[in-house]
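Working notes for the structure below.
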2 protein chains.
Amino acid sequence: MQDGCQSRESELEQIQASILKMGGLVEAAIYDGLQCLVTRDLEAAAVVREGDRAIDALGRHIQCDLPRIVRLCAPCEGDLRLVLAVLRISTSLERIGDYAKNMAKRTSMLAELSPIEGSDAALRRMAREVQNMLRDTLDAFVTHDDGLAQEVLLRDRDVDQMYNALFREFLTHMMEDPRAITACLHLHFIAKNIERMGDLVTDMAEQVIYLVTGQMPDEDRPKGDTTAYLSKLE
Amino acid sequence: MQDGCQSRESELEQIQASILKMGGLVEAAIYDGLQCLVTRDLEAAAVVREGDRAIDALGRHIQCDLPRIVRLCAPCEGDLRLVLAVLRISTSLERIGDYAKNMAKRTSMLAELSPIEGSDAALRRMAREVQNMLRDTLDAFVTHDDGLAQEVLLRDRDVDQMYNALFREFLTHMMEDPRAITACLHLHFIAKNIERMGDLVTDMAEQVIYLVTGQMPDEDRPKGDTTAYLSKLE
């Protein structure tokens with residue numbers, strides 16, 4: 001029985017360590033993906049794209065490992081919540097990694113187009129904020145700090161607001177200069193992808209709250225992306 | 001023991017029924033979301049947006065119920081795989097529902113803008129294909145048919161190709177007529193959202209394969225969205 005307990009604890013520690021490792025890789029992918037984009041560095045972009053395989057492999061490994069771990073810890077509700085939260089968090093991390101890879105993919109295309117003034121700095125700010133949110137969420141996961149996770153939920157609104165501002169800016173550019181359309185369109189997708197990364201981090205933060213409190217936070221927090229309603233420029 | 005077995009079976013049936021119910025709602029949301037968009041029907045759009053709450057509530061309910069169910073079925077690896085697949089599938093369904101809601105949200109904005117010729121029919125085709133893929137994936141889930149799930153994986157390429165064609169078309173429109181930029185931009189997002197729904201259905205199909213075979217399918221299937229590389233129009 002003692003052995004069972006020990007292996008249960010070490011397995012749970014192991015799975016948390018895997019999430020942290022995956023989270024660290026994803027955090028780096030966000031940074032590197034944006035970095036290669038703004039420096040138009042094609043080699044660095046290839047590294048980011050290649051690196052996504054490791055993230056996906058870790059995600060698959062976590063999921064395939066979970067049934068075995070559940071068998072060790074089944075009687076305890078807290079353990080089971082941890083396992084379910086781990087699965088959902090690893091799914092979110094995989095998707096954030098995909099967005100980072102997609103960002104890196106657009107490097108070669110942006111390298112051929114004229115830069116759009118101010119866009120690099122704005123995207124960098126957005127990406128940095130999402131990176132910080134991700135780091136805090138991983139901290140909240142490890143320390144079981146639902147207060148910190150709750151804070152992350154609120155901060156996602158800032159990311160949404162940055163996205164809204166960029167949406168308007170790109171639209172203005174496109175209307176003023178049709179030659180900027182292709183570049184703006186791609187930059188636009190990148191901004192939207194970063195905004196979606198923020199949503200996925202938010203989903204992770206909700207999982208931390210579920211893990212700690214046993215309750216899923218209420219879904220009705222205000223949504224920050226208002227561009228779906230934007231038919232005209234102010 | 002007999003009782004335990006019976007309740008285990010009925011719980012597992014129950015959770016599968018919940019997934020099917022959620023899947024049915026999401027399927028309808030894709031159809032209705034696209035329908036209100038092309039008919040510019042604001043009331044129907046409000047119903048789709050409101051309906052997303054039911055989808056999210058079902059998703060939360062499934063996740064919160066799983067620890068209890070796991071306690072009933074823990075010793076059996078097949079059961080545990082089912083539980084994990086259920087969680088991941090319900091997460092994907094929630095996200096597809098979010099995309100359908102987002103589609104409906106854009107109705108009021110598109111109603112104010114001049115229509116873009118041919119776009120409604122193209123979006124309808126894309127959405128119909130994703131809807132069919134979703135239905136087949138749910139069938140494959142219930143009947144444990146990994147062959148059918150494998151077929152769905154392949155069909156996602158068609159959706160990606162439809163998206164690529166639309167991307168080029170919208171880009172051409174925008175360049176030819178700057179007054180079409182705002183409408184094309186929104187239609188573009190809608191097309192991208194449908195393409196992402198296809199990716200999420202693909203993720204669900206992979207979960208069915210994992211459920212039936214115990215193996216996650218290899219990640220390296222070809223990716224169909226090539227627009228990240230598109231800097232010029234052919």
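Here, A, B, ... name the chains of the structure tokens in the order displayed, residue numbers run from 1 inside each chain, and ligands are numbered from 1 in the same displayed order.
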
Could I get the residues of chain A with an atom no further than 8 Å from an atom of chain B, each paired with its nearest atom pair and that distance in Å to one decimal, using only C-alpha atoms, sorted by chain and residue number, as JSON lines?
```
{"residue": "A:Asp56", "atom": "CA", "partner": "B:Glu219", "partner_atom": "CA", "distance": 7.7}
{"residue": "A:Arg60", "atom": "CA", "partner": "B:Met216", "partner_atom": "CA", "distance": 7.0}
{"residue": "A:Gln63", "atom": "CA", "partner": "B:Leu84", "partner_atom": "CA", "distance": 7.8}
{"residue": "A:Cys64", "atom": "CA", "partner": "B:Gln215", "partner_atom": "CA", "distance": 7.7}
{"residue": "A:Pro67", "atom": "CA", "partner": "B:Leu80", "partner_atom": "CA", "distance": 5.5}
{"residue": "A:Arg68", "atom": "CA", "partner": "B:Glu77", "partner_atom": "CA", "distance": 7.5}
{"residue": "A:Val70", "atom": "CA", "partner": "B:Ala74", "partner_atom": "CA", "distance": 6.9}
{"residue": "A:Arg71", "atom": "CA", "partner": "B:Ala74", "partner_atom": "CA", "distance": 5.7}
{"residue": "A:Ala74", "atom": "CA", "partner": "B:Arg71", "partner_atom": "CA", "distance": 5.7}
{"residue": "A:Pro75", "atom": "CA", "partner": "B:Arg71", "partner_atom": "CA", "distance": 6.0}
{"residue": "A:Glu77", "atom": "CA", "partner": "B:Pro67", "partner_atom": "CA", "distance": 6.2}
{"residue": "A:Leu80", "atom": "CA", "partner": "B:Pro67", "partner_atom": "CA", "distance": 5.5}
{"residue": "A:Arg81", "atom": "CA", "partner": "B:Pro67", "partner_atom": "CA", "distance": 6.4}
{"residue": "A:Leu84", "atom": "CA", "partner": "B:Leu84", "partner_atom": "CA", "distance": 7.6}
{"residue": "A:Leu87", "atom": "CA", "partner": "B:Leu84", "partner_atom": "CA", "distance": 7.7}
{"residue": "A:Arg88", "atom": "CA", "partner": "B:Arg88", "partner_atom": "CA", "distance": 6.9}
{"residue": "A:Thr91", "atom": "CA", "partner": "B:Arg88", "partner_atom": "CA", "distance": 7.8}
{"residue": "A:Asn102", "atom": "CA", "partner": "B:Ala228", "partner_atom": "CA", "distance": 7.2}
{"residue": "A:Lys105", "atom": "CA", "partner": "B:Ala228", "partner_atom": "CA", "distance": 6.0}
{"residue": "A:Arg106", "atom": "CA", "partner": "B:Ala228", "partner_atom": "CA", "distance": 5.0}
{"residue": "A:Ser108", "atom": "CA", "partner": "B:Tyr229", "partner_atom": "CA", "distance": 7.0}
{"residue": "A:Met109", "atom": "CA", "partner": "B:Ser231", "partner_atom": "CA", "distance": 5.1}
{"residue": "A:Leu110", "atom": "CA", "partner": "B:Ser231", "partner_atom": "CA", "distance": 7.3}
{"residue": "A:Glu112", "atom": "CA", "partner": "B:Ser231", "partner_atom": "CA", "distance": 7.1}
{"residue": "A:Leu113", "atom": "CA", "partner": "B:Ser231", "partner_atom": "CA", "distance": 7.3}
{"residue": "A:Leu171", "atom": "CA", "partner": "B:Thr182", "partner_atom": "CA", "distance": 7.3}
{"residue": "A:Met174", "atom": "CA", "partner": "B:Ile181", "partner_atom": "CA", "distance": 7.5}
{"residue": "A:Met175", "atom": "CA", "partner": "B:Pro178", "partner_atom": "CA", "distance": 5.8}
{"residue": "A:Pro178", "atom": "CA", "partner": "B:Met175", "partner_atom": "CA", "distance": 5.8}
{"residue": "A:Arg179", "atom": "CA", "partner": "B:Met175", "partner_atom": "CA", "distance": 7.7}
{"residue": "A:Ile181", "atom": "CA", "partner": "B:Met175", "partner_atom": "CA", "distance": 7.1}
{"residue": "A:Thr182", "atom": "CA", "partner": "B:Ser231", "partner_atom": "CA", "distance": 6.8}
{"residue": "A:Ala183", "atom": "CA", "partner": "B:Ser231", "partner_atom": "CA", "distance": 7.7}
{"residue": "A:His186", "atom": "CA", "partner": "B:Ala228", "partner_atom": "CA", "distance": 7.5}
{"residue": "A:Gly214", "atom": "CA", "partner": "B:Cys64", "partner_atom": "CA", "distance": 7.9}
{"residue": "A:Gln215", "atom": "CA", "partner": "B:Cys64", "partner_atom": "CA", "distance": 7.7}
{"residue": "A:Met216", "atom": "CA", "partner": "B:Arg60", "partner_atom": "CA", "distance": 6.9}
{"residue": "A:Glu219", "atom": "CA", "partner": "B:Asp56", "partner_atom": "CA", "distance": 7.7}
{"residue": "A:Ala228", "atom": "CA", "partner": "B:Arg106", "partner_atom": "CA", "distance": 5.0}
{"residue": "A:Tyr229", "atom": "CA", "partner": "B:Met109", "partner_atom": "CA", "distance": 5.5}
{"residue": "A:Leu230", "atom": "CA", "partner": "B:Met109", "partner_atom": "CA", "distance": 6.4}
{"residue": "A:Ser231", "atom": "CA", "partner": "B:Met109", "partner_atom": "CA", "distance": 5.1}
{"residue": "A:Lys232", "atom": "CA", "partner": "B:Thr182", "partner_atom": "CA", "distance": 7.7}
```

Selected residues, C-alpha atoms, written as an mmCIF file, in the first residue's frame, please.
```cif
data_model
loop_
_atom_site.group_PDB
_atom_site.id
_atom_site.type_symbol
_atom_site.label_atom_id
_atom_site.label_comp_id
_atom_site.auth_asym_id
_atom_site.auth_seq_id
_atom_site.Cartn_x
_atom_site.Cartn_y
_atom_site.Cartn_z
ATOM 1 C CA ASP A 56 2.887 17.710 -29.886
ATOM 2 C CA ARG A 60 0.421 12.762 -27.002
ATOM 3 C CA GLN A 63 -2.621 11.706 -22.905
ATOM 4 C CA CYS A 64 -1.438 8.142 -23.494
ATOM 5 C CA PRO A 67 -5.102 5.936 -18.093
ATOM 6 C CA ARG A 68 -2.230 4.236 -16.277
ATOM 7 C CA VAL A 70 -5.725 7.173 -13.207
ATOM 8 C CA ARG A 71 -5.560 3.517 -12.178
ATOM 9 C CA ALA A 74 -8.721 6.597 -8.846
ATOM 10 C CA PRO A 75 -10.228 6.703 -5.350
ATOM 11 C CA GLU A 77 -11.525 13.089 -6.318
ATOM 12 C CA LEU A 80 -8.927 12.794 -10.708
ATOM 13 C CA ARG A 81 -9.571 16.499 -11.126
ATOM 14 C CA LEU A 84 -8.652 15.852 -16.148
ATOM 15 C CA LEU A 87 -5.452 16.624 -20.154
ATOM 16 C CA ARG A 88 -7.312 19.800 -20.937
ATOM 17 C CA THR A 91 -4.641 20.201 -25.220
ATOM 18 C CA ASN A 102 1.694 29.259 -37.789
ATOM 19 C CA LYS A 105 5.328 29.983 -41.044
ATOM 20 C CA ARG A 106 4.324 33.462 -42.117
ATOM 21 C CA SER A 108 8.961 33.858 -45.319
ATOM 22 C CA MET A 109 5.917 35.584 -46.724
ATOM 23 C CA LEU A 110 6.302 38.732 -44.630
ATOM 24 C CA GLU A 112 8.865 39.509 -49.194
ATOM 25 C CA LEU A 113 6.451 42.303 -48.379
ATOM 26 C CA LEU A 171 -8.201 48.066 -41.831
ATOM 27 C CA MET A 174 -5.643 48.504 -46.275
ATOM 28 C CA MET A 175 -8.170 51.101 -47.294
ATOM 29 C CA PRO A 178 -4.272 48.612 -51.558
ATOM 30 C CA ARG A 179 -0.629 47.570 -51.946
ATOM 31 C CA ILE A 181 -3.525 44.563 -48.326
ATOM 32 C CA THR A 182 -1.602 41.290 -48.481
ATOM 33 C CA ALA A 183 0.806 42.221 -45.696
ATOM 34 C CA HIS A 186 -1.242 38.228 -42.827
ATOM 35 C CA GLY A 214 -13.777 21.831 -7.847
ATOM 36 C CA GLN A 215 -15.969 24.369 -9.645
ATOM 37 C CA MET A 216 -15.730 25.597 -13.212
ATOM 38 C CA GLU A 219 -18.746 31.178 -18.515
ATOM 39 C CA ALA A 228 -17.295 40.948 -35.133
ATOM 40 C CA TYR A 229 -19.576 43.976 -34.788
ATOM 41 C CA LEU A 230 -17.316 46.364 -36.632
ATOM 42 C CA SER A 231 -18.710 47.222 -40.025
ATOM 43 C CA LYS A 232 -17.392 50.759 -40.258
#
```

* Got a sec: who's within 9 Å of A:Gly147, counting only C-alpha atoms, leaving out chain neighbours fewer than 5 positions off, as a ChimeraX atom specification? -> /A:140,152,209

Write a file of the selected residues as a PDB file, in the first residue's frame, keeping N, CA, C and O atoms.
```
ATOM      1  N   ALA A 140       0.359  29.309 -11.284  1.00  0.00           N
ATOM      2  CA  ALA A 140      -0.873  29.078 -10.518  1.00  0.00           C
ATOM      3  C   ALA A 140      -1.204  27.589 -10.481  1.00  0.00           C
ATOM      4  O   ALA A 140      -1.690  27.074  -9.465  1.00  0.00           O
ATOM      5  N   VAL A 152      -5.499  36.142 -14.187  1.00  0.00           N
ATOM      6  CA  VAL A 152      -5.194  35.901 -15.601  1.00  0.00           C
ATOM      7  C   VAL A 152      -6.452  36.068 -16.447  1.00  0.00           C
ATOM      8  O   VAL A 152      -6.415  36.664 -17.527  1.00  0.00           O
ATOM      9  N   ILE A 209      -8.558  26.888 -11.795  1.00  0.00           N
ATOM     10  CA  ILE A 209      -9.614  27.207 -10.819  1.00  0.00           C
ATOM     11  C   ILE A 209     -10.455  25.959 -10.517  1.00  0.00           C
ATOM     12  O   ILE A 209     -10.754  25.649  -9.365  1.00  0.00           O
TER      13      ILE A 209
END
```

* **For A:Asn193: contacts at 12 Å, only C-alpha atoms, fewer than 3 positions along chain excluded, given as a PyMOL selection string** => (chain A and resi 30+33-34+95-104+106+123+126-127+130+159-160+163+186-190+196-200) or (chain B and resi 189+192-193+196)

* Show which residues sit within 8 Å of B:Gln16, as a VMD selection string. Count only C-alpha atoms, and ignore same-chain residues fewer than 3 positions away. => chain B and resid 12 to 13 19 to 20 86 142

* Asked: Can you tell me, as number ranges by chain, what residues are no more than 12 Å from A:Ala121 when counting only C-alpha atoms, ignoring any on the same chain fewer than 2 positions away?
  -> A: 34-35, 37-39, 115-119, 123-128, 162, 166, 187, 191

Put those residues in a file: all heavy atoms, as a compact mmCIF listing (two decimals), in the first residue's frame.
```
# COMPACT_ATOMS: atom_id res chain seq x y z
N LEU A 34 7.43 34.97 -32.61
CA LEU A 34 7.26 36.40 -32.87
C LEU A 34 8.58 37.04 -33.27
O LEU A 34 8.66 37.88 -34.16
CB LEU A 34 6.68 37.05 -31.60
CG LEU A 34 5.80 38.29 -31.73
CD1 LEU A 34 6.64 39.54 -31.71
CD2 LEU A 34 4.95 38.29 -33.02
N GLN A 35 9.63 36.59 -32.59
CA GLN A 35 10.97 37.14 -32.83
C GLN A 35 11.42 36.90 -34.28
O GLN A 35 11.88 37.82 -34.96
CB GLN A 35 11.95 36.46 -31.85
CG GLN A 35 13.29 37.15 -31.72
CD GLN A 35 13.15 38.58 -31.20
OE1 GLN A 35 12.13 38.95 -30.62
NE2 GLN A 35 14.18 39.39 -31.43
N LEU A 37 9.60 36.42 -36.75
CA LEU A 37 8.70 37.16 -37.62
C LEU A 37 9.16 38.61 -37.77
O LEU A 37 9.21 39.14 -38.88
CB LEU A 37 7.31 37.12 -36.98
CG LEU A 37 6.12 37.41 -37.84
CD1 LEU A 37 5.85 36.24 -38.78
CD2 LEU A 37 4.89 37.62 -36.95
N VAL A 38 9.50 39.25 -36.65
CA VAL A 38 9.86 40.67 -36.74
C VAL A 38 11.26 40.87 -37.28
O VAL A 38 11.57 41.90 -37.87
CB VAL A 38 9.66 41.43 -35.39
CG1 VAL A 38 8.22 41.40 -34.96
CG2 VAL A 38 10.56 40.90 -34.31
N THR A 39 12.12 39.87 -37.10
CA THR A 39 13.47 40.01 -37.65
C THR A 39 13.56 39.39 -39.05
O THR A 39 14.62 39.40 -39.67
CB THR A 39 14.52 39.32 -36.74
OG1 THR A 39 14.12 37.95 -36.58
CG2 THR A 39 14.60 39.99 -35.38
N PRO A 115 7.22 46.32 -44.94
CA PRO A 115 6.75 46.31 -43.55
C PRO A 115 5.63 47.33 -43.33
O PRO A 115 5.55 48.34 -44.03
CB PRO A 115 8.00 46.67 -42.74
CG PRO A 115 8.96 47.24 -43.71
CD PRO A 115 8.59 46.78 -45.08
N ILE A 116 4.77 47.06 -42.36
CA ILE A 116 3.70 47.97 -42.00
C ILE A 116 4.13 48.67 -40.71
O ILE A 116 4.36 48.00 -39.70
CB ILE A 116 2.38 47.21 -41.77
CG1 ILE A 116 1.99 46.39 -43.00
CG2 ILE A 116 1.26 48.15 -41.34
CD1 ILE A 116 1.66 47.19 -44.24
N GLU A 117 4.23 49.98 -40.78
CA GLU A 117 4.79 50.74 -39.66
C GLU A 117 4.06 50.48 -38.34
O GLU A 117 2.83 50.51 -38.28
CB GLU A 117 4.68 52.23 -40.00
CG GLU A 117 5.81 53.06 -39.37
CD GLU A 117 5.46 54.54 -39.41
OE1 GLU A 117 5.11 55.01 -40.50
OE2 GLU A 117 5.53 55.17 -38.34
N GLY A 118 4.85 50.25 -37.31
CA GLY A 118 4.28 50.10 -35.97
C GLY A 118 3.73 48.72 -35.66
O GLY A 118 3.47 48.40 -34.50
N SER A 119 3.56 47.89 -36.70
CA SER A 119 2.89 46.60 -36.44
C SER A 119 3.75 45.65 -35.62
O SER A 119 3.24 44.95 -34.74
CB SER A 119 2.48 45.95 -37.76
OG SER A 119 3.63 45.62 -38.52
N LEU A 123 2.48 43.87 -32.19
CA LEU A 123 2.38 42.41 -32.08
C LEU A 123 3.26 41.90 -30.94
O LEU A 123 2.90 40.99 -30.21
CB LEU A 123 2.78 41.73 -33.40
CG LEU A 123 1.82 41.93 -34.57
CD1 LEU A 123 2.41 41.32 -35.84
CD2 LEU A 123 0.46 41.32 -34.29
N ARG A 124 4.43 42.52 -30.82
CA ARG A 124 5.35 42.11 -29.76
C ARG A 124 4.72 42.34 -28.37
O ARG A 124 4.82 41.50 -27.49
CB ARG A 124 6.64 42.93 -29.87
CG ARG A 124 7.89 42.14 -29.58
CD ARG A 124 9.03 43.09 -29.37
NE ARG A 124 9.73 43.46 -30.60
CZ ARG A 124 10.82 42.81 -31.07
NH1 ARG A 124 11.27 41.76 -30.44
NH2 ARG A 124 11.42 43.24 -32.14
N ARG A 125 4.06 43.49 -28.22
CA ARG A 125 3.40 43.78 -26.93
C ARG A 125 2.32 42.74 -26.63
O ARG A 125 2.23 42.23 -25.52
CB ARG A 125 2.74 45.17 -26.98
CG ARG A 125 3.61 46.30 -26.47
CD ARG A 125 2.79 47.54 -26.17
NE ARG A 125 2.00 48.00 -27.31
CZ ARG A 125 2.48 48.74 -28.32
NH1 ARG A 125 3.75 49.13 -28.31
NH2 ARG A 125 1.70 49.11 -29.32
N MET A 126 1.53 42.43 -27.65
CA MET A 126 0.46 41.44 -27.46
C MET A 126 1.05 40.08 -27.07
O MET A 126 0.59 39.43 -26.14
CB MET A 126 -0.31 41.23 -28.77
CG MET A 126 -1.53 42.08 -28.95
SD MET A 126 -2.40 41.61 -30.50
CE MET A 126 -3.53 40.35 -29.89
N ALA A 127 2.07 39.66 -27.82
CA ALA A 127 2.66 38.34 -27.58
C ALA A 127 3.29 38.29 -26.19
O ALA A 127 3.20 37.27 -25.49
CB ALA A 127 3.70 38.02 -28.66
N ARG A 128 3.92 39.41 -25.79
CA ARG A 128 4.57 39.43 -24.47
C ARG A 128 3.52 39.27 -23.36
O ARG A 128 3.72 38.56 -22.39
CB ARG A 128 5.38 40.72 -24.29
CG ARG A 128 6.37 40.58 -23.14
CD ARG A 128 7.22 41.81 -22.93
NE ARG A 128 7.91 42.21 -24.14
CZ ARG A 128 7.86 43.44 -24.67
NH1 ARG A 128 7.16 44.39 -24.08
NH2 ARG A 128 8.53 43.73 -25.77
N MET A 162 -6.01 45.09 -27.24
CA MET A 162 -4.88 45.33 -28.16
C MET A 162 -5.25 44.82 -29.55
O MET A 162 -4.94 45.44 -30.56
CB MET A 162 -3.62 44.59 -27.67
CG MET A 162 -2.99 45.17 -26.42
SD MET A 162 -1.43 44.26 -26.07
CE MET A 162 -1.48 44.16 -24.31
N LEU A 166 -5.54 46.90 -33.12
CA LEU A 166 -4.78 46.51 -34.31
C LEU A 166 -5.68 46.24 -35.50
O LEU A 166 -5.36 46.60 -36.63
CB LEU A 166 -3.96 45.24 -34.01
CG LEU A 166 -2.51 45.48 -33.62
CD1 LEU A 166 -1.84 44.16 -33.30
CD2 LEU A 166 -1.74 46.17 -34.76
N LEU A 187 -0.66 40.00 -41.25
CA LEU A 187 -0.40 40.53 -39.91
C LEU A 187 -1.65 40.41 -39.05
O LEU A 187 -1.59 40.14 -37.84
CB LEU A 187 0.06 41.99 -40.01
CG LEU A 187 1.47 42.16 -40.58
CD1 LEU A 187 1.73 43.62 -40.97
CD2 LEU A 187 2.53 41.68 -39.58
N ALA A 191 -2.19 38.66 -35.50
CA ALA A 191 -2.79 39.31 -34.33
C ALA A 191 -3.94 38.46 -33.80
O ALA A 191 -4.08 38.25 -32.58
CB ALA A 191 -3.29 40.70 -34.69
```

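Closest approach to B:Ala149 among B:Ala165, B:Ile15, B:Val208, B:Ile194 is made by B:Val208 (distances from only C-alpha atoms).
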
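The smallest atom-to-atom distance between A:Thr143 and any of A:Val212, A:Glu50, A:Ala45, A:Ala29, using only C-alpha atoms, is found for A:Val212.
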